[in-house]
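Q: For reference, this is entry.txt, and it has compact mmCIF, C-alpha atoms and all ligand atoms.
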# COMPACT_ATOMS: atom_id res chain seq x y z
CA MET N 18 23.72 -35.31 4.01
CA THR N 19 25.76 -33.36 1.49
CA LYS N 20 24.11 -30.72 -0.66
CA LYS N 21 24.36 -33.06 -3.64
CA GLU N 22 22.67 -35.88 -1.71
CA ILE N 23 19.83 -33.54 -0.74
CA PHE N 24 19.31 -32.38 -4.34
CA ASP N 25 19.49 -36.00 -5.57
CA ASN N 26 16.92 -37.12 -3.01
CA TYR N 27 14.56 -34.40 -4.19
CA ASP N 28 15.10 -35.51 -7.78
CA GLN N 29 14.25 -39.06 -6.91
CA PHE N 30 11.62 -38.81 -4.21
CA VAL N 31 9.87 -35.42 -4.19
CA PHE N 32 7.33 -34.32 -6.78
CA PRO N 33 8.78 -31.44 -8.79
CA THR N 34 5.74 -29.23 -8.19
CA TYR N 35 7.83 -26.22 -7.15
CA THR N 36 10.66 -24.41 -8.88
CA ARG N 37 13.35 -24.50 -6.21
CA LEU N 38 16.48 -22.39 -5.94
CA PRO N 39 19.62 -24.42 -5.23
CA VAL N 40 20.13 -23.16 -1.71
CA ILE N 41 19.60 -24.84 1.65
CA PHE N 42 18.75 -22.56 4.53
CA VAL N 43 19.57 -23.66 8.03
CA LYS N 44 18.96 -20.60 10.20
CA GLY N 45 16.70 -17.56 10.29
CA LYS N 46 16.52 -14.51 12.53
CA GLY N 47 14.36 -11.49 11.76
CA SER N 48 14.99 -10.57 8.12
CA ILE N 49 18.20 -12.61 7.80
CA LEU N 50 18.46 -16.17 6.50
CA THR N 51 21.69 -18.15 6.63
CA ASP N 52 22.42 -21.01 4.25
CA VAL N 53 24.32 -24.21 4.83
CA ASP N 54 27.55 -22.59 3.60
CA GLY N 55 27.19 -19.67 6.00
CA LYS N 56 26.10 -17.14 3.34
CA LYS N 57 23.61 -14.61 4.67
CA TYR N 58 20.57 -13.38 2.75
CA LEU N 59 18.25 -10.47 3.37
CA ASP N 60 14.80 -12.02 3.17
CA PHE N 61 12.36 -9.52 1.67
CA PHE N 62 9.79 -12.19 0.87
CA PRO N 63 9.86 -14.17 4.11
CA GLY N 64 8.10 -17.48 3.78
CA TRP N 65 5.88 -16.27 0.91
CA GLY N 66 4.01 -14.04 3.32
CA ILE N 67 4.18 -16.44 6.26
CA SER N 68 6.87 -14.84 8.39
CA ASN N 69 5.40 -11.35 8.89
CA VAL N 70 7.03 -11.16 12.32
CA GLY N 71 10.39 -12.20 10.88
CA HIS N 72 12.09 -15.56 11.18
CA CYS N 73 12.07 -17.16 14.62
CA HIS N 74 10.55 -14.25 16.52
CA PRO N 75 11.30 -14.73 20.25
CA LYS N 76 7.60 -14.47 21.18
CA VAL N 77 6.62 -17.18 18.70
CA MET N 78 9.55 -19.37 19.69
CA ALA N 79 8.71 -19.02 23.39
CA ALA N 80 5.06 -19.86 22.73
CA VAL N 81 5.95 -22.93 20.67
CA ARG N 82 8.61 -24.15 23.11
CA ASP N 83 6.24 -23.79 26.03
CA GLN N 84 3.44 -25.69 24.27
CA VAL N 85 5.63 -28.42 22.77
CA GLY N 86 6.67 -29.43 26.27
CA LYS N 87 3.07 -29.78 27.41
CA LEU N 88 0.75 -31.02 24.67
CA ILE N 89 1.14 -30.89 20.90
CA HIS N 90 -2.16 -32.18 19.61
CA ILE N 91 -5.63 -32.95 20.77
CA PRO N 92 -8.43 -33.37 18.24
CA ASN N 93 -11.47 -31.18 17.90
CA ASN N 94 -13.79 -33.47 19.82
CA PHE N 95 -12.24 -31.88 22.92
CA PHE N 96 -12.02 -28.27 24.08
CA GLY N 97 -8.70 -26.44 24.20
CA ALA N 98 -7.67 -23.23 25.94
CA ASN N 99 -5.37 -21.99 23.16
CA GLN N 100 -8.00 -22.36 20.45
CA ALA N 101 -10.57 -20.61 22.65
CA ARG N 102 -8.20 -17.71 23.33
CA LEU N 103 -7.20 -17.46 19.68
CA ALA N 104 -10.78 -17.36 18.37
CA LYS N 105 -11.53 -14.55 20.86
CA GLU N 106 -8.38 -12.68 19.81
CA ILE N 107 -9.20 -12.89 16.09
CA VAL N 108 -12.69 -11.56 16.82
CA ARG N 109 -11.29 -8.82 19.09
CA GLN N 110 -8.97 -7.72 16.31
CA SER N 111 -11.64 -7.77 13.60
CA PHE N 112 -15.41 -8.21 13.96
CA ASP N 113 -17.86 -10.19 16.01
CA GLY N 114 -18.59 -13.70 14.84
CA LYS N 115 -17.35 -17.28 14.97
CA VAL N 116 -14.12 -18.85 13.77
CA PHE N 117 -13.50 -22.18 12.04
CA PHE N 118 -9.88 -23.33 12.22
CA CYS N 119 -8.04 -25.21 9.48
CA ASN N 120 -4.47 -25.56 8.22
CA SER N 121 -3.94 -23.38 5.15
CA GLY N 122 -5.26 -20.56 3.02
CA ALA N 123 -6.84 -22.86 0.47
CA GLU N 124 -8.70 -24.65 3.26
CA ALA N 125 -9.87 -21.37 4.77
CA ASN N 126 -11.27 -20.38 1.38
CA GLU N 127 -12.77 -23.84 0.92
CA ALA N 128 -14.58 -23.32 4.22
CA ALA N 129 -15.83 -19.92 3.01
CA ILE N 130 -17.05 -21.43 -0.27
CA LYS N 131 -18.93 -24.18 1.59
CA PHE N 132 -20.25 -21.57 4.01
CA SER N 133 -21.68 -19.52 1.15
CA ARG N 134 -23.46 -22.62 -0.19
CA LEU N 135 -25.15 -22.94 3.20
CA PHE N 136 -26.06 -19.25 3.12
CA GLY N 137 -27.53 -19.62 -0.39
CA ALA N 138 -29.68 -22.55 0.69
CA ALA N 139 -30.84 -20.77 3.87
CA PHE N 140 -31.71 -17.57 2.01
CA PRO N 141 -32.76 -18.70 -1.48
CA ALA N 142 -34.01 -16.61 -4.38
CA PRO N 143 -37.62 -17.20 -5.51
CA GLU N 144 -36.02 -19.24 -8.33
CA GLY N 145 -34.29 -21.56 -5.84
CA ALA N 146 -31.06 -21.91 -3.84
CA ARG N 147 -28.31 -19.41 -4.63
CA PHE N 148 -24.82 -20.75 -5.14
CA GLU N 149 -22.82 -18.57 -7.53
CA ILE N 150 -19.80 -16.71 -6.19
CA ILE N 151 -18.36 -13.75 -8.06
CA THR N 152 -14.58 -13.57 -7.83
CA THR N 153 -12.05 -11.46 -9.70
CA LEU N 154 -9.72 -12.03 -12.62
CA ASN N 155 -6.07 -12.35 -11.60
CA SER N 156 -7.07 -13.49 -8.14
CA PHE N 157 -5.40 -16.32 -6.27
CA HIS N 158 -7.28 -18.32 -3.66
CA GLY N 159 -5.26 -21.53 -3.34
CA ARG N 160 -4.91 -24.98 -4.88
CA THR N 161 -7.81 -27.15 -3.76
CA MET N 162 -10.50 -27.79 -6.39
CA GLY N 163 -12.79 -25.15 -4.88
CA ALA N 164 -9.98 -22.64 -4.52
CA ILE N 165 -8.65 -23.06 -8.08
CA SER N 166 -12.20 -22.73 -9.36
CA ALA N 167 -12.52 -19.48 -7.43
CA THR N 168 -9.15 -18.31 -8.70
CA GLY N 169 -9.36 -16.04 -11.72
CA GLN N 170 -6.30 -17.33 -13.57
CA THR N 171 -6.53 -20.19 -16.06
CA LYS N 172 -2.88 -21.16 -15.56
CA HIS N 173 -3.75 -22.59 -12.13
CA GLN N 174 -6.76 -24.47 -13.51
CA LYS N 175 -5.17 -26.07 -16.57
CA GLY N 176 -5.25 -29.86 -16.44
CA PHE N 177 -7.80 -30.10 -13.62
CA SER N 178 -11.14 -29.93 -15.43
CA PRO N 179 -13.93 -30.21 -14.65
CA LEU N 180 -13.74 -27.35 -12.19
CA VAL N 181 -16.22 -26.83 -9.37
CA PRO N 182 -19.20 -25.04 -10.92
CA GLY N 183 -20.63 -21.81 -9.57
CA PHE N 184 -17.86 -19.25 -10.03
CA VAL N 185 -18.04 -16.14 -12.17
CA HIS N 186 -14.98 -13.94 -12.68
CA VAL N 187 -15.02 -10.19 -13.24
CA PRO N 188 -12.14 -7.75 -13.75
CA PHE N 189 -10.69 -6.48 -10.46
CA ASN N 190 -11.76 -2.95 -9.52
CA ASP N 191 -14.48 -2.92 -12.21
CA ILE N 192 -17.66 -1.88 -10.43
CA GLU N 193 -19.89 -2.04 -13.50
CA ALA N 194 -18.76 -5.58 -14.33
CA LEU N 195 -19.37 -6.59 -10.72
CA ARG N 196 -22.87 -5.19 -10.74
CA ALA N 197 -23.65 -6.74 -14.12
CA ALA N 198 -22.48 -10.18 -13.00
CA ILE N 199 -25.06 -10.42 -10.19
CA THR N 200 -27.96 -12.74 -11.01
CA PRO N 201 -30.67 -14.43 -8.89
CA ARG N 202 -28.17 -17.29 -8.41
CA THR N 203 -25.47 -15.07 -6.89
CA VAL N 204 -24.72 -15.71 -3.25
CA ALA N 205 -21.38 -14.00 -2.58
CA ILE N 206 -18.64 -11.69 -3.79
CA MET N 207 -15.16 -12.85 -2.90
CA PHE N 208 -11.81 -11.14 -3.48
CA GLU N 209 -8.46 -10.18 -1.97
CA PRO N 210 -8.20 -6.57 -0.73
CA VAL N 211 -4.81 -6.56 -2.44
CA GLN N 212 -4.23 -9.20 -5.08
CA GLY N 213 -0.86 -10.69 -4.20
CA GLU N 214 0.04 -13.38 -6.69
CA GLY N 215 -1.97 -11.46 -9.30
CA GLY N 216 0.55 -8.62 -9.24
CA VAL N 217 0.02 -6.57 -6.05
CA ASN N 218 -3.16 -4.87 -7.27
CA VAL N 219 -4.77 -2.79 -4.54
CA ALA N 220 -8.59 -2.70 -4.40
CA SER N 221 -9.78 0.85 -4.97
CA GLN N 222 -11.84 2.53 -2.26
CA GLU N 223 -14.69 2.77 -4.76
CA PHE N 224 -14.61 -0.93 -5.61
CA MET N 225 -14.58 -2.00 -1.97
CA GLN N 226 -17.43 0.38 -1.08
CA ALA N 227 -19.45 -0.75 -4.10
CA ALA N 228 -18.93 -4.41 -3.25
CA ARG N 229 -20.13 -3.82 0.31
CA LYS N 230 -23.16 -1.87 -0.90
CA LEU N 231 -24.10 -4.47 -3.51
CA CYS N 232 -23.82 -7.21 -0.90
CA ASP N 233 -26.12 -5.27 1.43
CA GLU N 234 -28.66 -4.50 -1.27
CA ARG N 235 -28.74 -7.96 -2.83
CA LYS N 236 -28.26 -9.97 0.39
CA LEU N 237 -24.91 -11.42 -0.66
CA LEU N 238 -21.96 -12.39 1.50
CA LEU N 239 -18.89 -10.23 1.17
CA ILE N 240 -15.98 -12.66 1.54
CA LEU N 241 -12.53 -11.11 1.84
CA ASP N 242 -9.54 -13.36 1.34
CA GLU N 243 -7.03 -11.89 3.79
CA VAL N 244 -4.74 -14.90 3.62
CA GLN N 245 -1.90 -12.73 2.36
CA THR N 246 -3.04 -9.24 3.39
CA GLY N 247 -3.93 -10.18 6.97
CA MET N 248 -1.82 -10.11 10.13
CA GLY N 249 -0.51 -6.58 9.68
CA ARG N 250 0.91 -6.94 6.18
CA THR N 251 -0.69 -3.73 4.89
CA GLY N 252 -0.18 -1.62 8.04
CA GLU N 253 -3.55 -2.54 9.56
CA MET N 254 -4.10 -5.87 11.26
CA PHE N 255 -6.48 -6.72 8.39
CA ALA N 256 -6.53 -4.84 5.10
CA TYR N 257 -10.30 -4.26 5.07
CA LYS N 258 -9.71 -1.73 7.88
CA HIS N 259 -8.24 0.70 5.32
CA TYR N 260 -11.66 0.89 3.73
CA GLY N 261 -13.99 1.61 6.66
CA ILE N 262 -16.14 -1.42 5.81
CA GLN N 263 -16.51 -4.85 7.32
CA PRO N 264 -16.74 -8.14 5.43
CA ASP N 265 -19.24 -10.85 6.34
CA VAL N 266 -16.62 -13.55 6.02
CA MET N 267 -12.84 -13.25 6.24
CA THR N 268 -10.27 -15.94 5.54
CA LEU N 269 -6.82 -16.06 7.13
CA ALA N 270 -3.75 -18.29 7.05
CA LYS N 271 -0.11 -17.63 6.11
CA ALA N 272 1.24 -15.26 8.79
CA LEU N 273 -1.41 -16.20 11.37
CA GLY N 274 0.79 -18.95 12.83
CA GLY N 275 4.09 -17.06 12.70
CA GLY N 276 5.51 -19.96 10.64
CA LEU N 277 3.31 -22.81 11.80
CA PRO N 278 0.47 -24.04 9.57
CA ILE N 279 -2.90 -22.66 10.59
CA GLY N 280 -5.82 -21.18 8.69
CA ALA N 281 -9.08 -19.66 9.82
CA MET N 282 -12.43 -18.54 8.52
CA LEU N 283 -14.35 -15.93 10.50
CA ALA N 284 -18.03 -15.42 9.72
CA CYS N 285 -20.02 -12.56 11.24
CA ARG N 286 -22.47 -13.24 14.04
CA LYS N 287 -25.66 -12.74 12.02
CA VAL N 288 -24.89 -15.73 9.78
CA SER N 289 -22.56 -17.79 11.98
CA HIS N 290 -25.40 -20.10 13.07
CA LEU N 291 -25.40 -21.67 9.59
CA LEU N 292 -22.38 -23.89 10.23
CA GLN N 293 -23.63 -26.65 12.50
CA PRO N 294 -22.06 -29.77 14.08
CA GLY N 295 -20.74 -32.30 11.59
CA MET N 296 -20.99 -30.03 8.56
CA HIS N 297 -17.29 -29.28 8.22
CA GLY N 298 -14.02 -30.19 9.89
CA THR N 299 -10.34 -31.04 9.70
CA THR N 300 -8.35 -33.16 12.13
CA PHE N 301 -5.41 -30.82 12.76
CA GLY N 302 -7.50 -27.60 12.71
CA GLY N 303 -6.31 -25.12 15.33
CA ASN N 304 -4.53 -27.65 17.54
CA PRO N 305 -2.87 -26.49 20.80
CA LEU N 306 0.54 -25.98 19.21
CA VAL N 307 -0.45 -23.92 16.17
CA ALA N 308 -3.00 -21.93 18.16
CA LYS N 309 -0.31 -21.06 20.72
CA ALA N 310 2.02 -19.97 17.92
CA ALA N 311 -0.75 -17.74 16.54
CA LEU N 312 -1.28 -16.17 19.98
CA GLY N 313 2.47 -15.53 20.12
CA THR N 314 2.28 -13.92 16.68
CA PHE N 315 -0.48 -11.50 17.71
CA GLU N 316 1.53 -10.65 20.82
CA ALA N 317 4.68 -10.03 18.78
CA ILE N 318 2.84 -7.69 16.39
CA HIS N 319 1.45 -5.69 19.32
CA LYS N 320 4.39 -5.61 21.68
CA ASP N 321 6.86 -4.66 18.96
CA LYS N 322 4.48 -2.06 17.46
CA MET N 323 4.84 -3.69 14.08
CA LEU N 324 1.80 -2.05 12.47
CA LYS N 325 3.40 1.36 12.97
CA ASN N 326 6.74 0.15 11.65
CA CYS N 327 4.99 -1.43 8.68
CA ARG N 328 3.30 1.84 7.76
CA LEU N 329 6.50 3.88 8.18
CA MET N 330 8.80 1.45 6.38
CA GLY N 331 6.19 0.80 3.68
CA ALA N 332 5.92 4.54 2.93
CA TYR N 333 9.72 4.81 2.94
CA MET N 334 10.16 1.94 0.48
CA LEU N 335 7.42 3.21 -1.83
CA GLU N 336 9.10 6.62 -1.86
CA ARG N 337 12.51 5.09 -2.63
CA PHE N 338 11.03 3.05 -5.48
CA ARG N 339 9.25 6.13 -6.85
CA GLN N 340 12.56 7.97 -6.86
CA MET N 341 14.11 5.08 -8.76
CA GLN N 342 11.24 5.18 -11.23
CA GLN N 343 12.52 8.62 -12.33
CA ARG N 344 15.83 7.05 -13.31
CA PHE N 345 14.81 3.69 -14.73
CA ASP N 346 12.45 3.88 -17.71
CA PHE N 347 11.45 0.23 -17.41
CA ILE N 348 9.80 0.77 -14.01
CA ARG N 349 6.24 1.11 -15.21
CA GLU N 350 4.44 1.46 -11.89
CA VAL N 351 5.12 1.33 -8.17
CA ARG N 352 2.15 0.37 -6.00
CA GLY N 353 1.28 -1.19 -2.71
CA LEU N 354 -0.17 -0.90 0.75
CA GLY N 355 1.99 -1.02 3.88
CA LEU N 356 4.77 -3.52 3.28
CA MET N 357 3.05 -5.25 0.39
CA ILE N 358 4.80 -3.62 -2.53
CA GLY N 359 4.69 -4.26 -6.27
CA VAL N 360 7.08 -2.82 -8.82
CA GLU N 361 5.74 -3.41 -12.30
CA LEU N 362 8.37 -3.49 -15.02
CA SER N 363 8.09 -3.23 -18.79
CA ILE N 364 10.75 -5.94 -18.98
CA GLU N 365 10.86 -9.50 -17.62
CA GLY N 366 11.60 -9.50 -13.89
CA LYS N 367 13.56 -12.75 -13.80
CA GLY N 368 16.94 -11.15 -14.52
CA ILE N 369 16.45 -8.68 -11.66
CA PHE N 370 15.29 -11.44 -9.35
CA ASP N 371 18.30 -13.63 -10.21
CA GLU N 372 20.76 -10.83 -9.67
CA CYS N 373 19.23 -9.84 -6.34
CA PHE N 374 19.38 -13.45 -5.23
CA ALA N 375 23.01 -13.82 -6.28
CA ASN N 376 23.77 -10.73 -4.21
CA GLY N 377 21.96 -12.00 -1.13
CA LEU N 378 18.52 -10.44 -1.45
CA ILE N 379 15.37 -12.55 -1.64
CA ILE N 380 12.37 -10.98 -3.35
CA ASN N 381 9.63 -12.45 -5.53
CA CYS N 382 8.62 -11.91 -9.12
CA THR N 383 5.02 -12.58 -10.04
CA GLN N 384 3.12 -12.44 -13.34
CA GLY N 385 6.50 -12.36 -15.10
CA ASN N 386 7.11 -8.66 -14.65
CA VAL N 387 6.00 -7.56 -11.17
CA LEU N 388 8.59 -7.57 -8.41
CA ARG N 389 6.73 -8.43 -5.21
CA ILE N 390 8.48 -7.19 -2.10
CA MET N 391 7.09 -7.99 1.33
CA PRO N 392 9.71 -7.72 4.06
CA ALA N 393 8.93 -8.64 7.66
CA LEU N 394 6.86 -6.04 9.51
CA ASN N 395 9.76 -5.41 11.89
CA VAL N 396 12.27 -4.79 9.09
CA LYS N 397 14.84 -2.14 9.94
CA ARG N 398 15.54 0.96 7.89
CA LYS N 399 19.16 -0.05 7.42
CA GLU N 400 18.04 -3.42 6.05
CA ILE N 401 15.79 -1.61 3.59
CA ASP N 402 18.67 0.67 2.56
CA LYS N 403 20.85 -2.35 1.92
CA ALA N 404 18.11 -4.08 -0.10
CA MET N 405 17.49 -0.92 -2.14
CA GLY N 406 21.20 -0.78 -2.93
CA ILE N 407 21.14 -4.36 -4.25
CA LEU N 408 17.99 -3.66 -6.26
CA GLU N 409 19.44 -0.47 -7.69
CA ALA N 410 22.57 -2.33 -8.83
CA ALA N 411 20.36 -4.96 -10.48
CA PHE N 412 18.32 -2.23 -12.23
CA THR N 413 21.52 -0.57 -13.42
CA HIS N 414 22.76 -3.86 -14.89
CA ALA N 415 19.41 -4.34 -16.59
CA VAL N 416 19.84 -0.97 -18.32
CA LYS N 417 23.30 -1.98 -19.56
CA ALA N 418 22.02 -5.37 -20.71
C1 LIG M 1 -4.67 -14.55 -1.18
C2 LIG M 1 -4.35 -15.99 -1.01
N1 LIG M 1 -5.34 -16.85 -0.74
C3 LIG M 1 -5.08 -18.16 -0.57
C4 LIG M 1 -3.82 -18.66 -0.69
C5 LIG M 1 -3.57 -20.13 -0.48
O1 LIG M 1 -2.95 -20.34 0.72
P1 LIG M 1 -2.22 -21.74 1.04
O2 LIG M 1 -1.03 -21.82 0.15
O3 LIG M 1 -1.88 -21.66 2.50
O4 LIG M 1 -3.22 -22.79 0.76
C6 LIG M 1 -2.76 -17.81 -0.97
C7 LIG M 1 -1.39 -18.32 -1.11
O5 LIG M 1 -0.51 -17.71 -1.67
C8 LIG M 1 -3.03 -16.44 -1.13
O6 LIG M 1 -2.06 -15.56 -1.41
Take the structure in the file and give it back as structure tokens.

A:
Amino acid sequence: MTKKEIFDNYDQFVFPTYTRLPVIFVKGKGSILTDVDGKKYLDFFPGWGISNVGHCHPKVMAAVRDQVGKLIHIPNNFFGANQARLAKEIVRQSFDGKVFFCNSGAEANEAAIKFSRLFGAAFPAPEGARFEIITTLNSFHGRTMGAISATGQTKHQKGFSPLVPGFVHVPFNDIEALRAAITPRTVAIMFEPVQGEGGVNVASQEFMQAARKLCDERKLLLILDEVQTGMGRTGEMFAYKHYGIQPDVMTLAKALGGGLPIGAMLACRKVSHLLQPGMHGTTFGGNPLVAKAALGTFEAIHKDKMLKNCRLMGAYMLERFRQMQQRFDFIREVRGLGLMIGVELSIEGKGIFDECFANGLIINCTQGNVLRIMPALNVKRKEIDKAMGILEAAFTHAVKA
């Protein structure tokens, strides 16, 4: 197929739900993507947070190749060694409990929402079952009806009314608003440790501690959406570890499968009995292939010491951006955790994004004016230096423009 034929086929046969850039990638290795014409790109937003271990990591490829030759899928009415090992590994890396496997972040959050309904029925208020979940403004939890209802941004909800009832949104990092929003109907508090799509907003220590304390005092579930922050992205395997607390429920997806679609919800042991046979399920959930890829991903993160590299390279990039902030007035704020970095501008970010892309650097721009930069955890310093050079040139052009 020629490039034109591919674009034409999309026009004719694929829903235009995504804004696509006119490029066709055919190869990926680490932080480098190669397009059909042989042009190389530095990918500093690999797979929208999927490819934390870089494109085609040898450990993930070996795991997938090995499994593909043996057995790709068996349904969940049978046992499977990979799923068993993966559930144990997730627990070993986080906290004791039980895992439900699914295929995406939205589904992991959907599972958590359903789980909190069970919790609210099992531990009701004197007034009756509790069902309300407090989430935060600017959050993003996915695109299913439950997940868009949880999401605190109307732009993702427009056109899909009526939403699922039972969600209350409070400003992120606002402890007083959080406390005030709790009623006898409240069953859970749910948020991302670092809001990704919402603009790379890092939860303050105070907010996280207050949320944990309120959940303990009022018998609520603390649900952390680690779909984007999980799997080493912030320099810890899971972002909650920066805060010295533990959630009751954690949702994962994106980077868990190293590029293959898998999601997971982990609920702590003291409530895990609530999800019983037949209550929830999905046919693909945690099949042998995706579970093996996830095991390969954990191995890659450990063997290549990616958490350490993430912390070092994250600090280096933040410092470089802060230096740039001295020279470019329109850089309003530089923030982030590990290699999840946001550069908030006082101008539109699209021009910067376009210029970076034209010069072979892939980043993301969210909320119109926040550059979101999330290179692979094994990114090399010289790749960062090259990316910073491209960004600096784009900033310089923006000044002239
Ligand atoms: C924090 C968070 N939660 C949930 C989701 C939804 O994940 P998925 O697109 O796999 O459904 C995303 C996706 O960007 C996300 O960033």

Q: With all atoms listed in the file as the atoms that count, which of N:Gly303, N:Gln263, N:Arg250, N:Lys397 lies nearest to N:Arg328?

A: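 That would be N:Arg250, the residue with the smallest distance to N:Arg328.
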
Q: Calculated over all atoms listed in the file, which of the candidates N:Ala415, N:Ile67, N:Ile318, N:Cys73 has the smallest distance to N:Gly366?

A: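 Checking each of N:Ala415, N:Ile67, N:Ile318, N:Cys73 against N:Gly366, counting all atoms listed in the file, the winner is N:Ala415.
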
Q: Please provide as a list in words all residues within 9 Å of N:Met405, with the sequence filter that same-chain residues fewer than 5 positions apart are discarded (counting all atoms listed in the file).

A: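 Near N:Met405, the qualifying residues are Met334, Arg337, Phe338, Glu400 and Ala410 of chain N.
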
Q: Near stretch 113-115 of chain N, within 8 Å and counting all atoms listed in the file, which residues show up once chain neighbours fewer than 4 positions away are dropped, as a VMD selection string?

A: chain N and resid 104 108 to 109 283 to 287 289

Q: Choose the residue, out of N:Lys399, N:Pro182, N:Ser111, N:Ala123, that has the smallest atom-to-atom separation from N:Tyr333; count only C-alpha atoms.

A: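 Nearest to N:Tyr333: N:Lys399.
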
Q: Would you list the residues that come within 6 Å of ligand LIG 1 (chain M)? Count all atoms listed in the file and give the answer as a list in words.

A: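 These are the residues that qualify: Ser121, Gly122, Ala123, Phe157, His158, Gly159, Glu209, Gly213, Asp242, Val244, Gln245, Ala270 and Lys271 of chain N.
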
Q: Using C-alpha atoms, can you write the selected residues to a file as a compact mmCIF listing (two decimals), keeping the file's coordinate frame?

A:
# COMPACT_ATOMS: atom_id res chain seq x y z
CA SER N 121 -3.94 -23.38 5.15
CA GLY N 122 -5.26 -20.56 3.02
CA ALA N 123 -6.84 -22.86 0.47
CA PHE N 157 -5.40 -16.32 -6.27
CA HIS N 158 -7.28 -18.32 -3.66
CA GLY N 159 -5.26 -21.53 -3.34
CA GLU N 209 -8.46 -10.18 -1.97
CA GLY N 213 -0.86 -10.69 -4.20
CA ASP N 242 -9.54 -13.36 1.34
CA VAL N 244 -4.74 -14.90 3.62
CA GLN N 245 -1.90 -12.73 2.36
CA ALA N 270 -3.75 -18.29 7.05
CA LYS N 271 -0.11 -17.63 6.11

Q: Can you pull out the residues contacting N:Ala227? Cut-off 9 Å, using all atoms listed in the file, and skip same-chain residues under 3 positions away; I want them as a list in words.

A: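 In the requested form, the answer reads Ile192, Leu195, Arg196, Gln222, Glu223, Phe224, Lys230, Leu231 and Cys232 of chain N.
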
Q: Just to confirm, what's the straight-line distance from atom CA of N:Ile91 to atom CA of N:Pro305 in Å (one decimal)?

A: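 Going from atom CA of N:Ile91 over to atom CA of N:Pro305 covers 7.0 Å.
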
Q: Using Å and a single decimal, report how far atom CA of N:Val77 sits from atom CA of N:Gly302.

A: 18.5 Å

Q: Work out how far apart atom CA of N:Phe255 and atom CA of N:Gly331 are and give it in Å to one decimal.

A: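 Computing it gives 15.5 Å between the two atoms.
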
Q: Between N:Tyr27, N:Phe140, N:Phe347, N:Phe148, which has the minimum distance to N:Gly183 (counting all atoms listed in the file)?

A: N:Phe148

Q: N:Ala146: which residues within 9 Å, counting all atoms listed in the file, same-chain residues fewer than 6 positions away excluded, as a ChimeraX atom specification?

A: /N:134,136-140,202,204

Q: Regenerate stretch 124-137 of chain N at the level of N, CA and C atoms and dump it as a CSV table (one decimal), keeping the file's coordinate frame.

A:
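Written output follows (selection.csv):
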chain,number,residue,atom,x,y,z
N,124,GLU,N,-7.6,-24.0,2.4
N,124,GLU,CA,-8.7,-24.6,3.3
N,124,GLU,C,-9.6,-23.6,3.9
N,125,ALA,N,-9.0,-22.4,4.2
N,125,ALA,CA,-9.9,-21.4,4.8
N,125,ALA,C,-10.9,-20.9,3.7
N,126,ASN,N,-10.4,-20.8,2.5
N,126,ASN,CA,-11.3,-20.4,1.4
N,126,ASN,C,-12.3,-21.5,1.1
N,127,GLU,N,-11.9,-22.7,1.1
N,127,GLU,CA,-12.8,-23.8,0.9
N,127,GLU,C,-13.9,-23.8,1.9
N,128,ALA,N,-13.6,-23.5,3.2
N,128,ALA,CA,-14.6,-23.3,4.2
N,128,ALA,C,-15.5,-22.2,3.9
N,129,ALA,N,-15.0,-21.1,3.4
N,129,ALA,CA,-15.8,-19.9,3.0
N,129,ALA,C,-16.7,-20.3,1.8
N,130,ILE,N,-16.2,-21.0,0.9
N,130,ILE,CA,-17.0,-21.4,-0.3
N,130,ILE,C,-18.2,-22.3,0.2
N,131,LYS,N,-17.9,-23.3,1.1
N,131,LYS,CA,-18.9,-24.2,1.6
N,131,LYS,C,-19.9,-23.4,2.4
N,132,PHE,N,-19.4,-22.4,3.2
N,132,PHE,CA,-20.2,-21.6,4.0
N,132,PHE,C,-21.2,-20.8,3.1
N,133,SER,N,-20.8,-20.3,2.0
N,133,SER,CA,-21.7,-19.5,1.2
N,133,SER,C,-22.7,-20.4,0.5
N,134,ARG,N,-22.4,-21.7,0.3
N,134,ARG,CA,-23.5,-22.6,-0.2
N,134,ARG,C,-24.6,-22.8,0.9
N,135,LEU,N,-24.2,-22.8,2.1
N,135,LEU,CA,-25.2,-22.9,3.2
N,135,LEU,C,-26.0,-21.7,3.3
N,136,PHE,N,-25.4,-20.5,3.1
N,136,PHE,CA,-26.1,-19.2,3.1
N,136,PHE,C,-27.1,-19.2,2.0
N,137,GLY,N,-26.6,-19.7,0.8
N,137,GLY,CA,-27.5,-19.6,-0.4
N,137,GLY,C,-28.7,-20.5,-0.3
